[in-house]
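K.L.:
Here's a structure for you.
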Amino acid sequence: MSATEKPAQSFSVTKSPSAIRGKALFVHNPNSGDPTAIDAETFLKIAFKDLSMYDPFGASLLGRSTANAYVVRTAGAYRIPLVYGNLFKNGQPNMQACTYGGGAYQARFVNHLGNEITSPFIEANAGCAPGSCAIVWSDVNNLITDLELAEGGDCKYLQFTVREVPVTNGNAVIAVRDTSGRIMWSWHIWATIDNLTPESFTNASGKTYEMMPLNLGHIWDSADRLKGRNPHFQWGRKDPIPAPASYGSGSTTPLFNNAYDFEATAADTVEQAIQRPYNFFLQYDEVSYNWNPLTYFWNFWDANCNAAGASDNESVKTIYDPSPVGFKVPPGRAFTGFTTTGSNSEDATKFNVIGSFTNGWLFKRFSGDTKGNFFAASGYRNRTSGALSYVGGDGHYWSSAAYSQANACYLDFDSGGVYPLDGNFRANGFSVRCVRE
């Protein structure tokens, strides 16, 4: 272990929800009332709601669709299949999400061992035998309980219980580990009671994007819905960085189960970042300003990206995209409707907003809009320290597009400017506002 490398964190696994094993179980015919015996293993397979069979609004899907984030809307028992990112879509394997295009500015998609992925199912890849599971962190005490590995018909699952969805929402990250104790993959669980129905935003090109009305992982300070905050993300990574402690605060959220390290050294490899979802990785150098040593990895949130610059071209959601099922990180020009010119501006008469700046802007969704949608000035995580900066003063929202060798495209705003076509260093932690695929 190098002098700068931090030791692997240890995680505790909570008690199994399978206390019914070995007990006599019966189901009753709703018409006759007659009992029929059912063994515990069969019961457990049907007792857990498979989140890959539901969209973020709770509606049933026709076929399995997976993601790196799952939305939980009510208390209950849940399961997610051990599938990399979004490698299942509408019931079919979706290998284009991890296909290496071979371009000069593209990197290969790898798993926790640094190997290219050959199957959507984690355990079907060489050296990827599931051994245990872990709650990595949670911003609500006991949000996730009874986490366990479980057998399924076609793969293994993570099963867990959400005993209550807080009125202020909550976030957690859970993970599966291999037999050597290394994290193989992790998933973001966003527990929310909010209406996430996307709203239509028209950009400067006349293209419509269906955006979620809240930032990914949004939580409230209280039930009155006046002040909210959200996790941040390093560009190209799938795992959330915990939100600040309170609205307008630069301090870190108190976490449960385990801590989050905001002062980790840079990742030497992408597989190291996969193994350590509990780390904010500082910039690797002052040449590429990335959280890893790759000079180019422009395709991590858009499998087709091989050129710098924002566009309205259809992006391809990848296995590293942090968005829930049916959503993705926005393309580069998604926010250009936020000024009347479609470009960066410090002229307040050209801001496409309603009202004045109050810890963020109420941006118009289309010409003539009188309602708007609020984008919070939720600050950002600094690439050299992991510290929160400018909470309540600046808003920073990633897109999936590359801006240059060192930068990615993003929306930037404060009280004196709106910059929908700006670029910034990939090691910074910014907000994500998902758009529908």
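Residues in the structure tokens are numbered from 1 in each chain, the chains being A, B, ... in the order shown, and ligands are numbered from 1 in the order shown.
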Write out as a ChimeraX atom specification the set of residues from segment 202-394 of chain A that DSSP, computed on the backbone, places in helix (DSSP H, G or I).
P.N.:
/A:270-275,336-338,348-350
K.L.:
Please produce a file of those selected residues containing C-alpha atoms, as a compact mmCIF listing (two decimals), in the first residue's frame.
P.N.:
```txt
# COMPACT_ATOMS: atom_id res chain seq x y z
CA VAL A 270 -11.31 3.69 -13.15
CA GLU A 271 -11.67 0.31 -11.44
CA GLN A 272 -10.36 1.88 -8.24
CA ALA A 273 -13.19 4.44 -8.40
CA ILE A 274 -15.71 1.62 -8.86
CA GLN A 275 -14.32 -0.16 -5.80
CA THR A 336 -29.69 26.80 -23.91
CA GLY A 337 -33.31 27.95 -23.46
CA PHE A 338 -32.29 29.59 -20.20
CA ALA A 348 -30.02 40.38 -17.07
CA THR A 349 -32.44 41.40 -19.84
CA LYS A 350 -31.44 38.21 -21.69
```
K.L.:
From segment 240-274 of chain A, collect each residue whose DSSP state is strand (DSSP E or B) and return the set as a list in words.
P.N.:
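Restricting segment 240-274 of chain A to strand (DSSP E or B) produces Ile241, Pro244, Thr252, Phe256, Asp261, Phe262, Glu263 and Ala264 of chain A.
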K.L.:
If we count only C-alpha atoms, what is near Pro242 of chain A at a cut-off of 8 Å, once residues fewer than 5 positions away on the same chain are taken out, given as an NGL selection string?
P.N.:
:A and (139 or 230-232 or 252-253 or 260)
K.L.:
Can those selected residues be exported to a file as a PDB file, in the first residue's frame so that it contains C-alpha atoms?
P.N.:
```pdb
ATOM      1  CA  ASP A 139     -28.138  10.299   4.866  1.00  0.00           C
ATOM      2  CA  ASN A 230     -28.948  17.594  -3.464  1.00  0.00           C
ATOM      3  CA  PRO A 231     -25.929  15.301  -3.867  1.00  0.00           C
ATOM      4  CA  HIS A 232     -23.215  16.173  -6.385  1.00  0.00           C
ATOM      5  CA  THR A 252     -21.171  17.853   5.123  1.00  0.00           C
ATOM      6  CA  THR A 253     -24.321  15.829   5.740  1.00  0.00           C
ATOM      7  CA  TYR A 260     -17.692   9.389   3.155  1.00  0.00           C
TER       8      TYR A 260
END
```
K.L.:
Neighbours of segment 210-225 of chain A within 9 Å (only C-alpha atoms; same-chain residues fewer than 3 positions away dropped), as number ranges by chain?
P.N.:
A: 167-171, 188-192, 194-202, 228-232, 240, 243, 245-247, 322-324, 327, 330, 373-376, 431-437
K.L.:
So that I can see what lies close to Ser343 of chain A, please list as a ChimeraX atom specification the residues with an atom at most 9 Å from it, counting only C-alpha atoms and leaving out residues fewer than 6 positions away in the same chain.
P.N.:
/A:204,336-337,418-421
K.L.:
Taking only C-alpha atoms into account, name the residue in A:Tyr84, A:Tyr78, A:Phe262, A:Phe366 that is nearest to Asn125 of chain A.
P.N.:
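Smallest separation from Asn125 of chain A among the options: A:Tyr84.
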K.L.:
Have a look at A:Ala406, A:Ala175, A:Thr145, A:Ser415 and name the one nearest to Pro293 of chain A; count only C-alpha atoms.
P.N.:
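The shortest atom-to-atom distance to Pro293 of chain A comes from A:Ala406.
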K.L.:
Tell me, counting only C-alpha atoms, for each residue of segment 102-189 of chain A within 12 Å of segment 63-66 of chain A, which pair of atoms is nearest and how far apart they are in Å to one decimal, in rows ordered by chain and increasing number, as JSON lines.
P.N.:
```
{"residue": "A:Pro120", "atom": "CA", "partner": "A:Thr66", "partner_atom": "CA", "distance": 9.7}
{"residue": "A:Phe121", "atom": "CA", "partner": "A:Thr66", "partner_atom": "CA", "distance": 10.8}
{"residue": "A:Asp154", "atom": "CA", "partner": "A:Arg64", "partner_atom": "CA", "distance": 11.9}
{"residue": "A:Trp187", "atom": "CA", "partner": "A:Thr66", "partner_atom": "CA", "distance": 10.5}
```
K.L.:
With only C-alpha atoms as the atoms that count, which of A:Ile241, A:Ala107, A:Leu255, A:Leu61 lies nearest to Gly386 of chain A?
P.N.:
A:Ile241
K.L.:
Would you mind listing what lies within 10 Å of Asn203 of chain A as number ranges by chain, with only C-alpha atoms counted and same-chain residues fewer than 2 positions away left out?
P.N.:
A: 200-201, 205-209, 312, 333-340, 342, 365-367
K.L.:
Using only C-alpha atoms, can you tell me which of A:Asn359, A:Thr318, A:Asn407, A:Thr74 comes closest to Val391 of chain A?
P.N.:
A:Asn359
K.L.:
Mind giving me the straight-line distance from atom CA of Arg163 of chain A to atom CA of Arg237 of chain A in Å, one decimal?
P.N.:
29.0 Å
